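Colleague: Structure file start_4.txt (compact mmCIF, C-alpha atoms) is given on the next line.
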```
# COMPACT_ATOMS: atom_id res chain seq x y z
CA MET A 420 83.38 -160.39 -129.88
CA THR A 421 81.14 -162.94 -131.56
CA SER A 422 82.00 -166.23 -133.20
CA THR A 423 79.96 -169.11 -134.50
CA ASP A 424 82.37 -171.59 -132.89
CA ALA A 425 82.14 -169.98 -129.44
CA ASP A 426 80.67 -171.81 -126.46
CA THR A 427 80.12 -169.76 -123.30
CA LEU A 428 80.68 -171.98 -120.29
CA THR A 429 78.06 -171.68 -117.58
CA MET A 430 79.55 -170.14 -114.45
CA ARG A 431 77.26 -171.40 -111.74
CA HIS A 432 78.45 -169.12 -108.95
CA ALA A 433 81.19 -166.70 -110.08
CA LYS A 434 79.89 -163.21 -110.88
CA PHE A 435 83.09 -161.58 -112.10
CA LEU A 436 84.23 -164.20 -114.59
CA THR A 437 83.02 -165.38 -118.01
CA LEU A 438 84.71 -168.20 -119.90
CA ILE A 439 84.13 -168.61 -123.64
CA GLU A 440 85.55 -171.65 -125.43
CA HIS A 441 86.41 -170.94 -129.07
CA LYS A 442 87.62 -173.48 -131.59
CA ASP A 443 91.31 -172.95 -130.93
CA TYR A 444 91.51 -170.73 -127.84
CA THR A 445 89.70 -169.81 -124.63
CA GLU A 446 88.55 -166.27 -123.90
CA ALA A 447 88.31 -165.27 -120.23
CA GLN A 448 86.46 -162.06 -119.45
CA ILE A 449 87.30 -160.70 -116.00
CA HIS A 450 84.61 -158.25 -114.94
CA ASN A 451 85.49 -155.17 -112.93
CA PRO A 452 84.27 -155.71 -109.35
CA TRP A 453 84.37 -151.98 -108.62
CA HIS A 454 82.68 -150.67 -111.78
CA LYS A 455 79.58 -152.60 -112.78
CA GLY A 456 79.25 -153.28 -116.49
CA LYS A 457 82.95 -152.82 -117.24
CA LEU A 458 85.65 -155.37 -117.94
CA LEU A 459 88.81 -155.38 -115.87
CA GLN A 460 90.65 -157.57 -118.37
CA THR A 461 90.21 -160.01 -121.24
CA VAL A 462 92.61 -162.94 -121.38
CA LEU A 463 93.02 -165.14 -124.45
CA ILE A 464 94.47 -168.59 -123.74
CA THR A 465 95.74 -170.58 -126.67
CA PRO A 466 97.41 -174.01 -126.84
CA SER A 467 101.17 -173.76 -127.20
CA HIS A 468 101.19 -174.76 -130.88
CA HIS A 469 98.63 -172.15 -131.97
CA ALA A 470 99.12 -168.54 -133.03
CA THR A 471 96.53 -166.05 -131.85
CA THR A 472 97.05 -162.94 -133.95
CA LYS A 473 93.94 -163.43 -136.09
CA HIS A 474 91.80 -163.69 -132.97
CA ASP A 475 93.22 -160.65 -131.18
CA ILE A 476 90.84 -158.49 -129.16
CA ALA A 477 91.91 -154.90 -128.63
CA GLY A 478 93.44 -154.56 -125.17
CA ALA A 479 93.42 -158.30 -124.48
CA THR A 480 96.20 -160.15 -122.70
CA LEU A 481 97.48 -162.93 -124.95
CA THR A 482 98.97 -165.99 -123.33
CA ARG A 483 99.73 -169.54 -124.31
CA GLU A 484 99.13 -172.38 -121.91
CA THR A 485 101.50 -171.52 -119.11
CA LYS A 486 104.60 -173.58 -118.42
CA ARG A 487 106.09 -171.36 -115.71
CA ALA A 488 104.50 -168.50 -113.75
CA ALA A 489 105.41 -165.90 -111.15
CA ILE A 490 102.63 -166.06 -108.58
CA PHE A 491 102.06 -163.25 -106.12
CA THR A 492 99.69 -165.03 -103.72
CA THR A 493 100.07 -168.17 -101.61
CA THR A 494 96.45 -169.09 -102.41
CA HIS A 495 97.01 -169.41 -106.14
CA SER A 496 100.36 -171.15 -105.78
CA SER A 497 98.72 -173.80 -103.59
CA LEU A 498 96.00 -174.35 -106.21
CA ILE A 499 98.62 -174.83 -108.92
CA ASP A 500 100.27 -177.39 -106.66
CA GLU A 501 96.95 -179.20 -106.21
CA LEU A 502 96.59 -179.40 -110.00
CA GLY A 503 99.77 -181.47 -109.96
CA ILE A 504 102.04 -178.91 -111.59
CA THR A 505 104.14 -177.53 -108.74
CA ASN A 506 107.01 -177.24 -111.23
CA ALA A 507 104.97 -174.57 -113.06
CA ILE A 508 105.63 -172.16 -110.16
CA ALA A 509 108.80 -170.25 -111.05
CA GLY A 510 108.57 -167.82 -108.16
CA VAL A 511 106.19 -166.80 -105.41
CA CYS A 512 105.74 -163.78 -103.15
CA GLU A 513 105.15 -163.68 -99.38
CA THR A 514 107.00 -166.94 -98.75
CA GLU A 515 106.89 -166.40 -94.99
CA TYR A 516 103.17 -167.21 -95.12
CA ILE A 517 103.51 -170.44 -97.09
CA ALA A 518 102.58 -173.57 -95.14
CA ASN A 519 102.15 -175.94 -98.10
CA PRO A 520 104.88 -178.57 -97.53
CA ARG A 521 105.56 -179.29 -101.21
CA ILE A 522 106.01 -175.61 -102.02
CA ARG A 523 108.18 -175.07 -98.94
CA GLU A 524 110.37 -177.99 -99.96
CA ALA A 525 110.67 -176.64 -103.51
CA LEU A 526 111.69 -173.27 -102.07
CA LEU A 527 114.38 -174.92 -99.93
CA GLN A 528 115.68 -176.79 -102.97
CA GLY A 529 115.73 -173.63 -105.08
CA LYS A 530 113.21 -175.01 -107.56
CA ILE A 531 110.87 -172.14 -106.67
CA ARG A 532 112.33 -168.71 -105.98
CA ASP A 533 111.28 -166.13 -103.40
CA ILE A 534 110.41 -163.03 -105.43
CA GLY A 535 109.77 -160.76 -102.46
CA SER A 536 106.71 -158.85 -101.32
CA ALA A 537 103.61 -158.69 -103.51
CA MET A 538 103.68 -154.90 -103.14
CA THR A 539 107.39 -154.56 -103.93
CA PRO A 540 108.43 -157.65 -105.92
CA ASN A 541 111.98 -158.32 -107.03
CA LYS A 542 111.66 -157.32 -110.68
CA GLU A 543 115.22 -158.28 -111.60
CA LEU A 544 114.71 -161.80 -110.31
CA ILE A 545 111.38 -162.06 -112.16
CA ILE A 546 113.16 -161.06 -115.38
CA ASN A 547 115.82 -163.71 -114.78
CA LEU A 548 113.15 -166.37 -114.14
CA ASN A 549 111.54 -165.44 -117.48
CA PRO A 550 108.03 -166.69 -116.58
CA ASP A 551 105.26 -167.01 -119.16
CA LEU A 552 102.84 -165.23 -116.87
CA ILE A 553 102.42 -163.17 -113.69
CA LEU A 554 99.41 -163.86 -111.48
CA LEU A 555 98.51 -161.08 -109.04
CA SER A 556 95.52 -159.76 -107.13
CA PRO A 557 94.24 -156.42 -108.46
CA TYR A 558 93.03 -153.53 -106.37
CA GLU A 559 90.67 -150.66 -107.05
CA ASN A 560 91.93 -147.74 -109.16
CA ALA A 561 95.29 -149.42 -109.76
CA SER A 562 96.85 -147.79 -112.80
CA THR A 563 100.11 -149.69 -112.47
CA TYR A 564 101.51 -152.70 -110.62
CA GLY A 565 104.94 -151.50 -109.56
CA ASN A 566 105.79 -150.92 -113.25
CA LEU A 567 105.52 -154.68 -113.85
CA GLU A 568 103.90 -153.96 -117.19
CA GLY A 569 107.29 -152.78 -118.40
CA LEU A 570 108.72 -156.28 -118.02
CA GLY A 571 106.84 -157.46 -121.10
CA ILE A 572 105.37 -160.46 -119.25
CA PRO A 573 101.59 -161.00 -119.50
CA ILE A 574 99.82 -160.12 -116.23
CA VAL A 575 96.59 -161.82 -115.16
CA GLN A 576 94.52 -159.94 -112.59
CA CYS A 577 93.09 -162.48 -110.15
CA ALA A 578 89.93 -160.76 -108.93
CA ASP A 579 88.47 -163.93 -107.39
CA TYR A 580 88.83 -162.52 -103.88
CA MET A 581 86.14 -159.96 -104.67
CA GLU A 582 83.45 -162.62 -105.18
CA THR A 583 80.73 -162.46 -102.54
CA SER A 584 80.02 -166.19 -102.39
CA ALA A 585 82.40 -168.92 -101.30
CA LEU A 586 81.60 -171.11 -104.29
CA GLY A 587 81.86 -168.08 -106.57
CA ARG A 588 85.47 -167.59 -105.58
CA ALA A 589 86.24 -171.30 -105.74
CA GLU A 590 84.84 -171.51 -109.28
CA TRP A 591 87.70 -169.34 -110.55
CA MET A 592 89.85 -172.47 -110.39
CA ARG A 593 88.22 -173.39 -113.73
CA PHE A 594 89.94 -170.34 -115.26
CA TYR A 595 93.30 -170.95 -113.58
CA GLY A 596 93.24 -174.57 -114.67
CA ARG A 597 92.81 -173.51 -118.30
CA LEU A 598 95.73 -171.10 -117.99
CA PHE A 599 97.96 -174.09 -117.29
CA GLY A 600 96.34 -176.59 -119.66
CA LYS A 601 94.56 -178.31 -116.76
CA GLY A 602 90.97 -177.29 -117.47
CA GLN A 603 89.41 -180.72 -117.10
CA GLU A 604 91.26 -181.39 -113.86
CA ALA A 605 90.16 -178.03 -112.43
CA ASP A 606 86.53 -178.63 -113.48
CA SER A 607 86.62 -182.01 -111.75
CA ILE A 608 87.99 -180.56 -108.50
CA PHE A 609 85.41 -177.76 -108.53
CA ASN A 610 82.52 -180.14 -109.16
CA ALA A 611 83.57 -182.13 -106.09
CA VAL A 612 83.90 -178.96 -103.98
CA GLU A 613 80.48 -177.73 -105.12
CA ALA A 614 78.79 -181.05 -104.35
CA SER A 615 80.40 -181.24 -100.91
CA TYR A 616 79.52 -177.63 -100.03
CA THR A 617 75.92 -178.00 -101.19
CA SER A 618 75.45 -181.22 -99.25
CA LEU A 619 76.82 -179.66 -96.07
CA SER A 620 74.73 -176.49 -96.34
CA LEU A 621 71.57 -178.59 -96.65
CA LEU A 622 72.27 -179.99 -93.18
CA THR A 623 71.53 -176.60 -91.60
CA ASP A 624 68.35 -175.80 -93.52
CA SER A 625 66.13 -176.92 -90.66
CA VAL A 626 68.07 -175.55 -87.66
CA THR A 627 65.81 -173.63 -85.30
CA HIS A 628 68.54 -171.76 -83.41
CA ARG A 629 71.20 -169.80 -85.30
CA PRO A 630 74.06 -168.90 -82.91
CA SER A 631 75.63 -165.46 -83.38
CA VAL A 632 79.30 -165.24 -84.40
CA LEU A 633 82.11 -162.73 -83.80
CA PHE A 634 85.39 -162.82 -85.78
CA ASP A 635 89.05 -162.18 -84.98
CA THR A 636 90.70 -159.63 -82.65
CA LYS A 637 91.90 -156.06 -82.47
CA ASN A 638 94.99 -155.21 -84.56
CA GLY A 639 96.55 -152.02 -83.29
CA SER A 640 93.87 -149.35 -83.06
CA ALA A 641 91.47 -151.11 -85.44
CA TRP A 642 89.50 -154.35 -85.34
CA TYR A 643 89.16 -155.70 -88.88
CA VAL A 644 86.02 -157.76 -89.39
CA PRO A 645 84.64 -159.44 -92.53
CA GLY A 646 82.04 -157.36 -94.35
CA GLY A 647 78.43 -158.47 -94.34
CA ARG A 648 78.63 -159.42 -98.03
CA SER A 649 81.92 -161.30 -97.69
CA THR A 650 82.41 -164.99 -98.34
CA MET A 651 83.05 -165.43 -94.61
CA ALA A 652 79.66 -163.95 -93.76
CA GLN A 653 77.99 -166.28 -96.26
CA LEU A 654 79.84 -169.28 -94.82
CA ILE A 655 78.48 -168.51 -91.36
CA ASN A 656 74.97 -168.22 -92.76
CA ASP A 657 75.32 -171.53 -94.63
CA ALA A 658 76.67 -173.12 -91.43
CA GLY A 659 73.45 -172.22 -89.60
CA GLY A 660 74.85 -169.20 -87.80
CA GLU A 661 74.11 -165.47 -87.61
CA TYR A 662 77.03 -163.17 -88.38
CA ILE A 663 76.84 -160.09 -86.15
CA PHE A 664 77.65 -157.70 -89.02
CA SER A 665 75.45 -159.40 -91.62
CA ASP A 666 73.65 -156.10 -92.27
CA ASP A 667 76.85 -154.49 -93.59
CA ASP A 668 76.98 -154.11 -97.39
CA LYS A 669 80.75 -154.53 -97.95
CA SER A 670 82.47 -157.62 -99.32
CA GLY A 671 85.95 -156.89 -97.97
CA SER A 672 87.28 -156.34 -94.45
CA ILE A 673 86.09 -153.31 -92.54
CA PRO A 674 88.12 -151.54 -89.81
CA LEU A 675 86.15 -150.80 -86.65
CA SER A 676 86.92 -149.43 -83.21
CA PHE A 677 86.89 -151.76 -80.23
CA GLU A 678 83.80 -149.92 -78.98
CA SER A 679 81.93 -150.60 -82.20
CA VAL A 680 82.73 -154.32 -82.04
CA ILE A 681 81.85 -154.80 -78.38
CA ASN A 682 78.58 -152.89 -78.81
CA ARG A 683 77.54 -155.39 -81.47
CA GLY A 684 79.43 -158.50 -80.38
CA GLU A 685 79.46 -158.50 -76.58
CA LYS A 686 76.61 -161.02 -76.47
CA ALA A 687 77.74 -163.13 -79.44
CA ASP A 688 77.46 -166.86 -78.79
CA PHE A 689 80.70 -167.84 -80.54
CA TRP A 690 84.02 -166.16 -81.26
CA PHE A 691 86.22 -167.44 -84.10
CA ILE A 692 89.81 -166.16 -84.15
CA ARG A 693 92.36 -166.55 -86.92
CA TYR A 694 95.94 -165.92 -85.81
CA ASN A 695 99.53 -166.69 -86.71
CA ASN A 696 101.82 -167.94 -83.95
CA SER A 697 104.81 -170.04 -84.95
CA ASN A 698 105.59 -170.96 -81.32
CA GLN A 699 102.39 -172.61 -80.12
CA ARG A 700 98.62 -172.48 -80.07
CA ILE A 701 97.18 -169.80 -77.82
CA ALA A 702 94.92 -170.62 -74.87
CA LEU A 703 91.88 -168.70 -73.62
CA SER A 704 93.94 -167.27 -70.77
CA ASP A 705 96.53 -165.99 -73.29
CA LEU A 706 93.78 -164.12 -75.10
CA GLY A 707 92.59 -162.47 -71.87
CA ARG A 708 96.13 -161.48 -70.89
CA SER A 709 96.84 -159.98 -74.31
CA TYR A 710 93.97 -157.47 -73.88
CA HIS A 711 91.86 -157.62 -70.74
CA PRO A 712 88.65 -156.14 -72.28
CA TYR A 713 88.37 -159.35 -74.34
CA THR A 714 87.17 -161.00 -71.14
CA LEU A 715 84.00 -158.89 -71.33
CA PHE A 716 82.65 -160.84 -74.30
CA ASN A 717 79.96 -163.44 -73.63
CA ALA A 718 81.77 -166.01 -75.83
CA TYR A 719 84.91 -165.60 -73.69
CA ARG A 720 83.03 -166.00 -70.42
CA LYS A 721 81.24 -169.12 -71.72
CA GLN A 722 84.45 -170.51 -73.25
CA ASN A 723 83.00 -170.59 -76.75
CA VAL A 724 86.16 -169.23 -78.37
CA TYR A 725 87.84 -171.18 -81.19
CA GLY A 726 91.17 -170.38 -82.80
CA CYS A 727 92.87 -171.24 -86.08
CA ASN A 728 96.66 -170.96 -86.03
CA SER A 729 97.58 -170.37 -89.67
CA ALA A 730 101.26 -170.87 -88.83
CA GLU A 731 100.69 -174.61 -88.48
CA LEU A 732 97.89 -175.11 -91.03
CA ILE A 733 97.33 -174.63 -94.75
CA PHE A 734 94.38 -172.35 -93.97
CA TYR A 735 94.66 -169.25 -96.17
CA GLU A 736 96.18 -171.33 -98.96
CA GLU A 737 93.48 -174.01 -98.94
CA THR A 738 90.12 -172.56 -97.92
CA PRO A 739 89.51 -170.08 -100.79
CA PHE A 740 89.27 -172.97 -103.27
CA HIS A 741 87.96 -175.53 -100.76
CA PRO A 742 85.31 -173.59 -98.81
CA ASP A 743 83.49 -176.86 -98.12
CA ARG A 744 86.28 -177.82 -95.70
CA LEU A 745 85.87 -174.58 -93.78
CA LEU A 746 82.08 -174.88 -93.85
CA ARG A 747 82.39 -178.31 -92.26
CA ASP A 748 84.39 -176.80 -89.37
CA TYR A 749 81.86 -174.01 -88.84
CA ILE A 750 78.96 -176.49 -88.75
CA LYS A 751 80.88 -178.71 -86.34
CA MET A 752 81.42 -175.77 -83.97
CA LEU A 753 77.95 -174.21 -84.25
CA HIS A 754 75.89 -177.41 -84.50
CA PRO A 755 78.08 -180.34 -83.37
CA ASP A 756 75.09 -182.72 -83.36
CA LEU A 757 74.86 -182.42 -87.18
CA LEU A 758 78.37 -183.84 -87.64
CA PRO A 759 78.82 -186.09 -84.60
CA ASN A 760 81.69 -188.14 -86.03
CA ASP A 761 83.72 -185.25 -87.46
CA THR A 762 86.83 -183.63 -86.02
CA LEU A 763 87.87 -180.01 -86.61
CA ARG A 764 90.31 -179.47 -89.48
CA TYR A 765 91.41 -175.89 -88.84
CA PHE A 766 90.08 -174.68 -85.50
CA HIS A 767 90.74 -175.68 -81.90
CA LYS A 768 88.92 -174.68 -78.75
CA LEU A 769 90.78 -172.11 -76.67
```
Here is the file; what I need is its structure written in the form of C-alpha cells.
Modeller:
Amino acid sequence: MTSTDADTLTMRHAKFLTLIEHKDYTEAQIHNPWHKGKLLQTVLITPSHHATTKHDIAGATLTRETKRAAIFTTTHSSLIDELGITNAIAGVCETEYIANPRIREALLQGKIRDIGSAMTPNKELIINLNPDLILLSPYENASTYGNLEGLGIPIVQCADYMETSALGRAEWMRFYGRLFGKGQEADSIFNAVEASYTSLSLLTDSVTHRPSVLFDTKNGSAWYVPGGRSTMAQLINDAGGEYIFSDDDKSGSIPLSFESVINRGEKADFWFIRYNNSNQRIALSDLGRSYHPYTLFNAYRKQNVYGCNSAELIFYEETPFHPDRLLRDYIKMLHPDLLPNDTLRYFHKL
C-alpha cells in the first residue's frame, strides 16, 4: 500500500515489525519470523472517532485505539500496566505466573478476570468481557487459535518474542503503545531503555577476559537452553561473557540431553539459573541434592552459581521490555568491578 501522507517510522532494532503513520491511522506490518519475505499480519490502528473502511487493506486486522483487551501473556499485561492503563486489561491468562502487584490486586478485586490458560482460554468469559482486542503470541504453522477467530474480536499476533536482539524485542512496545493510544509514552520509555542498554554495553567493550556462561537446569529428561541466536545469548555477549552455545543458530529454546550440556558446560565459569519456588530461595546445597551430577560442573564447585526466583520477582514480566535491567545484573555478576556500587536486581548467589 502506498500513500503520499505515509511516514514509515524507523525501527532501530526490531526486524519483524514495520510501523507506518498515515494521516488518520497507523499501519503495523508484522513480518513472519518463520517465512522470510512474508507478512504474518497487518494491523490498522485508527483513533476512536475515525472510520477506516476507505483505507482497508485486504486481510488486515482493523482496530480502533483499544479501551479494553484480553491479554494472553503476563509480559504484555505488565507493559500495559507500565503505560499507566492497567484498567485497559479486561482479562489475562496464566495468572499463576503474575507477580506484578498492581495486576494481582486488580485480579483480587475482580477488575481483571482470569481467562484461563493461553492454550485453552475461557472463550465464554472472553465473550462476556467483550474486549476490543485479543493479544496473543503466535506460533509457527498455526492455522487457528483455539477457534478464537470465531468470536469476532480482532486478534493481534505478538511476534516480539521471535526477535533475536534484546532491544529488537523491547522496541515492539512502540507498537503496543499505539494500540492503546499511548504511542508517545511508549516511544519515551523505549528511548530510555535503549540509552541505558547502549551505555551499559559500552562498559564491556574493552574487557580482556570473557567468562563462559551456562543457563538453567534439567527439566525431566531434557535440559532446555537458550539458542545461540536468542536474546539471552546476545545479552551475555553484551555483558562481556561467552555463552557456551553461541555457535547454535536457533533463536528459541533448544532441548538437550544432560550429556550434551555437561560436555559443553562442565568447565563453564558461571551458571545462571532461573527457577520458580514460592516457598523460599534455593541454596547451592539444594541444587546438589536435587540432582547430584550438578555437582560435577566447574561453576558449582567454585560456587559461581546465581539464581533468579521468578516467584518473588517481576522477572519474566519486566525483562523483555527492560533488557537493560537484566544486562546490568549480568555485568555485575560477570565483571563486578565495572559496576562496583550496584546491587543485583533479579539474581542472588546460591
Colleague: Between A:Leu757, A:Leu654, A:Leu619, A:Leu769, which has the minimum distance to A:Ser704 (counting all atoms listed in the file)?
Modeller: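 Of A:Leu757, A:Leu654, A:Leu619, A:Leu769, the one nearest A:Ser704, counting all atoms listed in the file, is A:Leu769.
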Colleague: Can you tell me, as number ranges by chain, what residues are no more than 12 Å from A:Thr429 when counting only C-alpha atoms, ignoring any on the same chain fewer than 2 positions away?
Modeller: A: 426-427, 431-434, 436-440, 590, 593, 606
Colleague: Excluding A:Arg693 and residues on its chain fewer than 3 positions from it, collect all residues at most 12 Å away from it, counting only C-alpha atoms, and give them as JSON, numbers by chain.
Modeller: {"A": [633, 634, 635, 636, 637, 638, 643, 644, 645, 690, 696, 700, 701, 724, 725, 726, 727, 728, 729, 730, 731, 732, 734, 735, 765, 766, 767, 769]}
Colleague: Write the selection just made, keeping C-alpha atoms, as a PDB file, in the frame of the given file?
Modeller:
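Resulting contents of selection.pdb:
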```pdb
ATOM      1  CA  LEU A 633      82.110-162.730 -83.800  1.00  0.00           C
ATOM      2  CA  PHE A 634      85.390-162.820 -85.780  1.00  0.00           C
ATOM      3  CA  ASP A 635      89.050-162.180 -84.980  1.00  0.00           C
ATOM      4  CA  THR A 636      90.700-159.630 -82.650  1.00  0.00           C
ATOM      5  CA  LYS A 637      91.900-156.060 -82.470  1.00  0.00           C
ATOM      6  CA  ASN A 638      94.990-155.210 -84.560  1.00  0.00           C
ATOM      7  CA  TYR A 643      89.160-155.700 -88.880  1.00  0.00           C
ATOM      8  CA  VAL A 644      86.020-157.760 -89.390  1.00  0.00           C
ATOM      9  CA  PRO A 645      84.640-159.440 -92.530  1.00  0.00           C
ATOM     10  CA  TRP A 690      84.020-166.160 -81.260  1.00  0.00           C
ATOM     11  CA  ASN A 696     101.820-167.940 -83.950  1.00  0.00           C
ATOM     12  CA  ARG A 700      98.620-172.480 -80.070  1.00  0.00           C
ATOM     13  CA  ILE A 701      97.180-169.800 -77.820  1.00  0.00           C
ATOM     14  CA  VAL A 724      86.160-169.230 -78.370  1.00  0.00           C
ATOM     15  CA  TYR A 725      87.840-171.180 -81.190  1.00  0.00           C
ATOM     16  CA  GLY A 726      91.170-170.380 -82.800  1.00  0.00           C
ATOM     17  CA  CYS A 727      92.870-171.240 -86.080  1.00  0.00           C
ATOM     18  CA  ASN A 728      96.660-170.960 -86.030  1.00  0.00           C
ATOM     19  CA  SER A 729      97.580-170.370 -89.670  1.00  0.00           C
ATOM     20  CA  ALA A 730     101.260-170.870 -88.830  1.00  0.00           C
ATOM     21  CA  GLU A 731     100.690-174.610 -88.480  1.00  0.00           C
ATOM     22  CA  LEU A 732      97.890-175.110 -91.030  1.00  0.00           C
ATOM     23  CA  PHE A 734      94.380-172.350 -93.970  1.00  0.00           C
ATOM     24  CA  TYR A 735      94.660-169.250 -96.170  1.00  0.00           C
ATOM     25  CA  TYR A 765      91.410-175.890 -88.840  1.00  0.00           C
ATOM     26  CA  PHE A 766      90.080-174.680 -85.500  1.00  0.00           C
ATOM     27  CA  HIS A 767      90.740-175.680 -81.900  1.00  0.00           C
ATOM     28  CA  LEU A 769      90.780-172.110 -76.670  1.00  0.00           C
TER      29      LEU A 769
END
```
Colleague: I'd like the interatomic distance between atom CA of A:Asn695 and atom CA of A:Cys512, to a tenth of an Å.
Modeller: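 Between atom CA of A:Asn695 and atom CA of A:Cys512 the gap is 17.8 Å.
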Colleague: Separation of atom CA of A:Val632 and atom CA of A:Ile681, in Å?
Modeller: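 One can read the atom CA of A:Val632 to atom CA of A:Ile681 distance as 12.3 Å.
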Colleague: For A:Ile464, which residue out of A:Glu737, A:Glu582, A:Asp443, A:Glu515 is the nearest one, using all atoms listed in the file?
Modeller: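 Selected residue with least distance to A:Ile464: A:Asp443.
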Colleague: Would you mind telling me which residue in A:Gly659, A:Gly569, A:Gly596, A:Pro630 lies nearest to A:Ser496 when using all atoms listed in the file?
Modeller: A:Gly596
Colleague: Residues near A:Lys601, anyone? I mean within 12 Å using all atoms listed in the file, not counting same-chain ones fewer than 2 positions away, as a list in words.
Modeller: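 Final neighbour list, sorted by chain and number: Ile464, Pro466, Glu484, Thr485, Lys486, Leu498, Ile499, Asp500, Glu501, Leu502, Gly503, Ile504, Ala507, Met592, Arg593, Phe594, Tyr595, Gly596, Arg597, Leu598, Phe599, Gln603, Glu604, Ala605, Asp606, Ser607 and Ile608 of chain A.
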Colleague: Rounded to one decimal in Å, what is the spacing between atom CA of A:Tyr749 and atom CA of A:Ala611?
Modeller: 19.1 Å
Colleague: Which neighbours of stretch 453-455 of chain A fall inside 10 Å, counting only C-alpha atoms, when residues of the same chain fewer than 3 positions from it are skipped, and could you give them as number ranges by chain?
Modeller: A: 435, 450, 458-459, 558-560, 581
Colleague: Considering all atoms listed in the file, return as a list in words whatever protein or nucleic-acid residues lie within 12 Å of A:Asn656, sequence-local ones (same chain, fewer than 6 positions apart) excluded.
Modeller: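 The residues satisfying every condition are Ser584, Ala585, Ser620, Leu621, Thr623, Asp624, Val626, His628, Arg629, Pro630, Ser631, Val632, Gly647, Arg648, Ser649, Thr650, Tyr662, Ile663, Phe664, Ser665, Leu746, Tyr749, Ile750 and Leu753 of chain A.
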Colleague: Let me make sure I understand: among A:Arg523, A:Thr514, A:Gly600, A:His711, which one has the smallest atom-to-atom distance to A:Tyr444 if we use all atoms listed in the file?
Modeller: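 That would be A:Gly600, the residue with the smallest distance to A:Tyr444.
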Colleague: Select stretch 720-735 of chain A in the preceding structure and write N, CA and C atoms to a file as a compact mmCIF listing (two decimals), in the first residue's frame.
Modeller:
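Below is the file part_1.txt, written as the result:
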```txt
# COMPACT_ATOMS: atom_id res chain seq x y z
N ARG A 720 31.35 -26.20 41.68
CA ARG A 720 32.49 -26.43 42.58
C ARG A 720 33.11 -25.11 43.04
N LYS A 721 33.11 -24.11 42.16
CA LYS A 721 33.71 -22.81 42.51
C LYS A 721 32.69 -21.82 43.08
N GLN A 722 31.46 -22.32 43.29
CA GLN A 722 30.39 -21.50 43.87
C GLN A 722 30.12 -20.23 43.06
N ASN A 723 30.11 -20.40 41.75
CA ASN A 723 29.76 -19.31 40.84
C ASN A 723 28.39 -19.57 40.22
N VAL A 724 27.43 -19.95 41.07
CA VAL A 724 26.07 -20.23 40.62
C VAL A 724 25.15 -19.14 41.17
N TYR A 725 24.36 -18.53 40.27
CA TYR A 725 23.43 -17.48 40.66
C TYR A 725 22.02 -17.89 40.24
N GLY A 726 21.05 -17.61 41.11
CA GLY A 726 19.68 -17.97 40.82
C GLY A 726 18.75 -16.78 40.80
N CYS A 727 17.70 -16.90 40.01
CA CYS A 727 16.63 -15.88 39.97
C CYS A 727 15.33 -16.60 40.25
N ASN A 728 14.70 -16.28 41.38
CA ASN A 728 13.44 -16.91 41.76
C ASN A 728 12.29 -16.06 41.23
N SER A 729 11.72 -16.49 40.12
CA SER A 729 10.67 -15.68 39.48
C SER A 729 9.38 -15.64 40.28
N ALA A 730 9.28 -16.48 41.32
CA ALA A 730 8.08 -16.45 42.17
C ALA A 730 8.04 -15.21 43.04
N GLU A 731 9.20 -14.60 43.29
CA GLU A 731 9.24 -13.42 44.16
C GLU A 731 9.61 -12.15 43.40
N LEU A 732 9.83 -12.25 42.09
CA LEU A 732 10.30 -11.11 41.32
C LEU A 732 9.48 -10.93 40.04
N ILE A 733 9.39 -9.69 39.58
CA ILE A 733 8.74 -9.44 38.28
C ILE A 733 9.81 -9.62 37.20
N PHE A 734 10.22 -10.86 36.99
CA PHE A 734 11.33 -11.14 36.07
C PHE A 734 10.83 -11.32 34.64
N TYR A 735 10.01 -12.35 34.41
CA TYR A 735 9.53 -12.61 33.05
C TYR A 735 8.59 -11.52 32.56
```
